[in-house]
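Asker: If it helps, the file is called model_25.csv and holds CSV, C-alpha atoms:
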```csv
chain,number,residue,atom,x,y,z
A,1,MET,CA,-31.3,20.0,23.3
A,2,GLU,CA,-32.6,17.4,20.9
A,3,ARG,CA,-32.6,20.0,18.2
A,4,PHE,CA,-28.9,20.7,18.8
A,5,GLY,CA,-28.1,17.0,18.5
A,6,ARG,CA,-29.9,16.7,15.1
A,7,LEU,CA,-28.1,19.8,13.9
A,8,ALA,CA,-24.7,18.4,15.0
A,9,VAL,CA,-25.4,15.1,13.2
A,10,LEU,CA,-26.4,17.0,10.0
A,11,LEU,CA,-23.3,19.2,10.2
A,12,VAL,CA,-20.9,16.3,10.6
A,13,ALA,CA,-22.6,14.4,7.7
A,14,ALA,CA,-22.4,17.5,5.4
A,15,LEU,CA,-18.7,18.0,6.2
A,16,ALA,CA,-18.0,14.3,5.6
A,17,ALA,CA,-19.8,14.4,2.3
A,18,GLY,CA,-18.0,17.5,1.2
A,19,CYS,CA,-14.5,16.1,2.1
A,20,ALA,CA,-15.1,12.9,0.3
A,21,GLY,CA,-15.2,14.5,-3.1
A,22,ALA,CA,-12.5,17.2,-2.4
A,23,THR,CA,-9.5,17.4,-4.7
A,24,ARG,CA,-6.2,17.4,-2.9
A,25,VAL,CA,-3.6,19.4,-4.8
A,26,THR,CA,0.2,19.7,-4.6
A,27,GLN,CA,2.7,21.8,-6.6
A,28,ASP,CA,6.4,21.9,-6.9
A,29,TYR,CA,8.7,24.1,-9.1
A,30,ALA,CA,12.2,25.0,-9.9
A,31,PRO,CA,12.9,28.1,-7.8
A,32,ASP,CA,15.5,29.5,-10.3
A,33,ILE,CA,12.9,29.9,-13.1
A,34,ASP,CA,11.4,33.4,-13.8
A,35,PHE,CA,7.8,32.3,-14.5
A,36,ALA,CA,6.7,35.9,-15.2
A,37,HIS,CA,8.4,35.8,-18.7
A,38,LEU,CA,6.5,32.7,-19.9
A,39,GLN,CA,4.2,33.7,-22.7
A,40,THR,CA,3.7,30.6,-24.9
A,41,TYR,CA,3.3,26.9,-24.6
A,42,SER,CA,3.3,23.9,-26.9
A,43,TRP,CA,2.1,20.4,-26.3
A,44,ARG,CA,5.0,18.0,-25.6
A,45,PRO,CA,5.0,15.2,-28.2
A,46,GLY,CA,2.9,12.4,-26.8
A,47,ALA,CA,1.3,14.7,-24.2
A,48,GLY,CA,-1.4,13.0,-22.2
A,49,GLY,CA,-0.2,9.6,-22.9
A,50,GLU,CA,-1.2,9.7,-26.6
A,51,SER,CA,0.8,6.6,-27.1
A,52,SER,CA,-0.8,4.7,-24.2
A,53,ASP,CA,-4.2,3.2,-23.4
A,54,MET,CA,-5.6,6.5,-22.1
A,55,ASN,CA,-9.2,7.1,-22.9
A,56,VAL,CA,-9.1,9.6,-25.8
A,57,LEU,CA,-12.3,11.3,-24.7
A,58,LEU,CA,-10.9,11.9,-21.3
A,59,ALA,CA,-7.6,13.1,-22.7
A,60,ALA,CA,-9.5,15.6,-24.9
A,61,ARG,CA,-11.4,16.9,-21.9
A,62,ILE,CA,-8.2,17.4,-19.9
A,63,ARG,CA,-6.5,19.1,-22.9
A,64,ALA,CA,-9.4,21.5,-23.4
A,65,ALA,CA,-9.5,22.3,-19.7
A,66,LEU,CA,-5.7,23.0,-19.7
A,67,GLU,CA,-6.0,25.2,-22.8
A,68,ARG,CA,-8.7,27.3,-21.1
A,69,GLY,CA,-6.7,27.5,-17.9
A,70,LEU,CA,-3.5,28.5,-19.6
A,71,ALA,CA,-5.3,31.1,-21.6
A,72,GLU,CA,-6.7,32.5,-18.3
A,73,LYS,CA,-3.1,32.7,-17.0
A,74,GLY,CA,-2.1,34.7,-20.1
A,75,LEU,CA,-0.3,31.9,-21.9
A,76,ARG,CA,-1.0,31.4,-25.6
A,77,SER,CA,-0.5,28.3,-27.7
A,78,ALA,CA,2.5,28.4,-30.1
A,79,GLY,CA,1.0,25.5,-32.0
A,80,HIS,CA,3.8,23.3,-33.2
A,81,GLY,CA,6.3,26.2,-33.2
A,82,ARG,CA,8.9,27.1,-30.6
A,83,ALA,CA,7.4,28.0,-27.2
A,84,ASP,CA,8.6,28.9,-23.8
A,85,ILE,CA,7.4,25.7,-22.2
A,86,TYR,CA,6.1,22.3,-23.1
A,87,VAL,CA,2.9,21.1,-21.5
A,88,ASP,CA,2.4,17.4,-20.6
A,89,PHE,CA,-0.1,15.6,-18.4
A,90,ARG,CA,-0.8,12.1,-17.0
A,91,TYR,CA,-4.0,10.7,-15.7
A,92,ARG,CA,-4.1,7.4,-13.7
A,93,ILE,CA,-6.3,5.5,-11.4
A,94,GLN,CA,-4.7,4.1,-8.3
A,95,ARG,CA,-5.8,2.3,-5.2
A,96,GLY,CA,-6.5,4.5,-2.2
A,97,TYR,CA,-7.0,3.4,1.4
A,98,GLU,CA,-8.8,5.0,4.2
A,99,SER,CA,-9.1,4.5,7.9
A,100,THR,CA,-11.6,5.7,10.4
A,101,GLY,CA,-8.8,7.4,12.3
A,102,ILE,CA,-7.9,7.6,16.0
A,103,SER,CA,-10.7,8.0,18.5
A,104,THR,CA,-10.5,9.0,22.1
A,105,GLY,CA,-12.9,9.0,25.0
A,106,PHE,CA,-13.0,10.0,28.6
A,107,GLY,CA,-15.4,8.8,31.3
A,108,LEU,CA,-16.0,9.9,34.8
A,109,GLY,CA,-18.6,8.5,37.2
A,110,SER,CA,-19.5,8.1,40.8
A,111,GLY,CA,-21.4,5.6,42.9
A,112,ARG,CA,-21.6,4.1,46.3
A,113,GLY,CA,-18.0,3.0,46.1
A,114,GLY,CA,-16.6,6.4,45.3
A,115,THR,CA,-15.6,8.2,42.2
A,116,PHE,CA,-14.1,6.4,39.2
A,117,GLY,CA,-13.0,7.2,35.7
A,118,GLY,CA,-11.2,6.0,32.6
A,119,ILE,CA,-9.6,7.1,29.4
A,120,GLY,CA,-9.9,5.1,26.2
A,121,ILE,CA,-7.9,5.5,22.9
A,122,GLY,CA,-8.9,3.5,19.8
A,123,MET,CA,-6.7,3.2,16.7
A,124,GLY,CA,-9.6,3.2,14.3
A,125,ASP,CA,-10.6,0.6,11.8
A,126,PHE,CA,-9.5,0.0,8.3
A,127,GLY,CA,-12.2,1.8,6.3
A,128,GLY,CA,-11.6,0.1,3.0
A,129,ALA,CA,-10.1,0.7,-0.4
A,130,TYR,CA,-11.3,2.9,-3.2
A,131,ASP,CA,-10.2,4.1,-6.6
A,132,GLU,CA,-8.4,7.4,-6.6
A,133,ALA,CA,-8.0,9.5,-9.8
A,134,VAL,CA,-4.7,11.3,-10.1
A,135,LEU,CA,-4.0,14.1,-12.7
A,136,THR,CA,-0.5,15.3,-13.0
A,137,ILE,CA,0.4,18.4,-15.1
A,138,ASP,CA,4.0,19.1,-16.1
A,139,PHE,CA,5.6,22.2,-17.5
A,140,LEU,CA,9.0,21.6,-19.1
A,141,ASP,CA,11.6,24.0,-20.4
A,142,TYR,CA,11.2,23.9,-24.2
A,143,ALA,CA,14.9,24.0,-25.0
A,144,SER,CA,16.2,21.5,-22.4
A,145,GLY,CA,13.1,19.4,-21.6
A,146,THR,CA,13.8,20.0,-17.9
A,147,LEU,CA,10.8,19.9,-15.6
A,148,VAL,CA,10.2,23.5,-14.2
A,149,TRP,CA,6.7,23.1,-12.6
A,150,GLN,CA,4.5,20.2,-11.6
A,151,GLY,CA,1.0,20.2,-10.2
A,152,SER,CA,-1.0,17.2,-9.2
A,153,GLY,CA,-4.6,16.7,-8.0
A,154,ARG,CA,-6.1,13.6,-6.6
A,155,ARG,CA,-9.7,12.7,-5.6
A,156,ARG,CA,-12.0,9.8,-5.5
A,157,ALA,CA,-12.5,8.5,-9.1
A,158,LEU,CA,-15.9,8.7,-10.7
A,159,THR,CA,-17.3,5.3,-11.5
A,160,HIS,CA,-20.6,6.0,-13.3
A,161,GLY,CA,-20.4,9.6,-14.4
A,162,ASP,CA,-22.0,11.0,-17.5
A,163,PRO,CA,-19.9,13.1,-20.0
A,164,GLU,CA,-21.1,16.4,-18.4
A,165,GLN,CA,-20.1,15.2,-14.9
A,166,TRP,CA,-16.7,14.0,-16.1
A,167,THR,CA,-16.2,17.4,-17.8
A,168,ARG,CA,-17.1,19.2,-14.6
A,169,GLU,CA,-14.8,17.1,-12.5
A,170,ILE,CA,-11.9,17.6,-14.9
A,171,ASN,CA,-12.5,21.3,-15.2
A,172,GLU,CA,-12.5,21.7,-11.4
A,173,THR,CA,-9.4,19.6,-10.9
A,174,VAL,CA,-7.4,21.5,-13.6
A,175,LYS,CA,-8.5,24.8,-12.2
A,176,ARG,CA,-7.5,23.8,-8.7
A,177,ILE,CA,-4.1,22.6,-9.9
A,178,LEU,CA,-3.4,25.7,-12.0
A,179,ALA,CA,-4.3,27.9,-9.1
A,180,GLY,CA,-0.7,27.4,-7.9
A,181,PHE,CA,0.7,28.6,-11.2
A,182,PRO,CA,2.8,30.8,-11.6
A,183,PRO,CA,4.4,30.3,-8.2
A,184,GLY,CA,5.4,33.1,-6.0
A,185,ASN,CA,6.1,36.6,-7.3
A,186,LYS,CA,8.7,35.6,-9.9
```
Please lay out the structure from this file as structure tokens.

Answerer:
Amino acid sequence: MERFGRLAVLLVAALAAGCAGATRVTQDYAPDIDFAHLQTYSWRPGAGGESSDMNVLLAARIRAALERGLAEKGLRSAGHGRADIYVDFRYRIQRGYESTGISTGFGLGSGRGGTFGGIGIGMGDFGGAYDEAVLTIDFLDYASGTLVWQGSGRRRALTHGDPEQWTREINETVKRILAGFPPGNK
């Protein structure tokens, strides 16, 4: 029985550690777009916040990961020429908050005075704040500039990563976001 208890504790710890670094991804798209006909892309002027304070090394990693991912999807760069879609991205750090969640318990006992029991429900504690990295990728119609697809990934931000670790994190996040592109069977 003691062996089972240790195994259960290790399993819960492994699951918690795995969830802490997981990227949560969402996508949305214009349902009237036929994504099957998209073949070329071009970078939107100012893509990746070129005119902002974004870390240029990080922007280069994101751009490289996007270029690889788009090539895997069959899209090729049109350079500065006319393309089917514009590609843009934004990366930001925002404050995230966590709680320990809701807990429940049930107890039943007996003694000289008879049987007794109780139910307890706890609302959980505020677990604290953390930095959350959010990468948003936009695909826009080249002619109109209208947003046709957007994917976003969020995870705990790295605080002391080396360049290889940053690259791995960016590559994984971009791959997970682009997994939802193209949407449906269109």

Asker: Between CA of Thr40 (chain A) and CA of Lys175 (chain A), what distance in Å does the model show, to one decimal?

Answerer: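 Computed distance, CA of Thr40 (chain A) to CA of Lys175 (chain A), equals 18.5 Å.
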
Asker: I'd like to know which of A:Ala129, A:Ala157, A:Leu75, A:Ala47 is closest to Phe35 (chain A), using all atoms listed in the file.

Answerer: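 Looking only at the distances to Phe35 (chain A), the closest residue turns out to be A:Leu75.
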
Asker: Within 6 Å of (-12.7, 12.8, -5.3), only C-alpha atoms: residues as number ranges by chain?

Answerer: A: 21-23, 155-157

Asker: Tell me which protein, DNA and RNA residues are within 10 Å of Thr26 (chain A), counting only C-alpha atoms, leaving out same-chain ones fewer than 6 positions away, and put them as a list in words.

Answerer: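 Close residues of Thr26 (chain A): Thr136, Gln150, Gly151, Ser152, Gly153, Arg154, Arg176, Ile177 and Gly180 of chain A.
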
Asker: May I ask which of the residues A:Ile85, A:Leu140, A:Tyr29, A:Leu70 is the closest one to Leu178 (chain A), counting all atoms listed in the file?

Answerer: A:Leu70

Asker: Could you jot down the CA of Gly48 (chain A) to CA of Arg24 (chain A) separation for me, Å, one decimal place?

Answerer: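 Distance reported for this atom pair: 20.4 Å.
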
Asker: For a quick check of understanding, using all atoms listed in the file, which of A:Arg95, A:Asn55, A:Ala60, A:Val87 has the smallest distance to Leu147 (chain A)?

Answerer: A:Val87

Asker: How far is it from CA of Ser77 (chain A) to CA of Trp43 (chain A), in Å with one decimal?

Answerer: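 Going from CA of Ser77 (chain A) over to CA of Trp43 (chain A) covers 8.4 Å.
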
Asker: Using only C-alpha atoms, which residue out of A:Lys73, A:Arg82, A:Arg92, A:His160 lies closest to Asp141 (chain A)?

Answerer: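 Among the listed residues, A:Arg82 lies closest to Asp141 (chain A).
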
Asker: Point out the residue among A:Gly69, A:Gly74, A:Gly128, A:Gly145 with the least atom-to-atom distance to Leu38 (chain A), counting only C-alpha atoms.

Answerer: A:Gly74

Asker: Pick from A:Leu135, A:Val174, A:Ala64, A:Val148: nearest to Tyr86 (chain A), with all atoms listed in the file counted?

Answerer: A:Val148
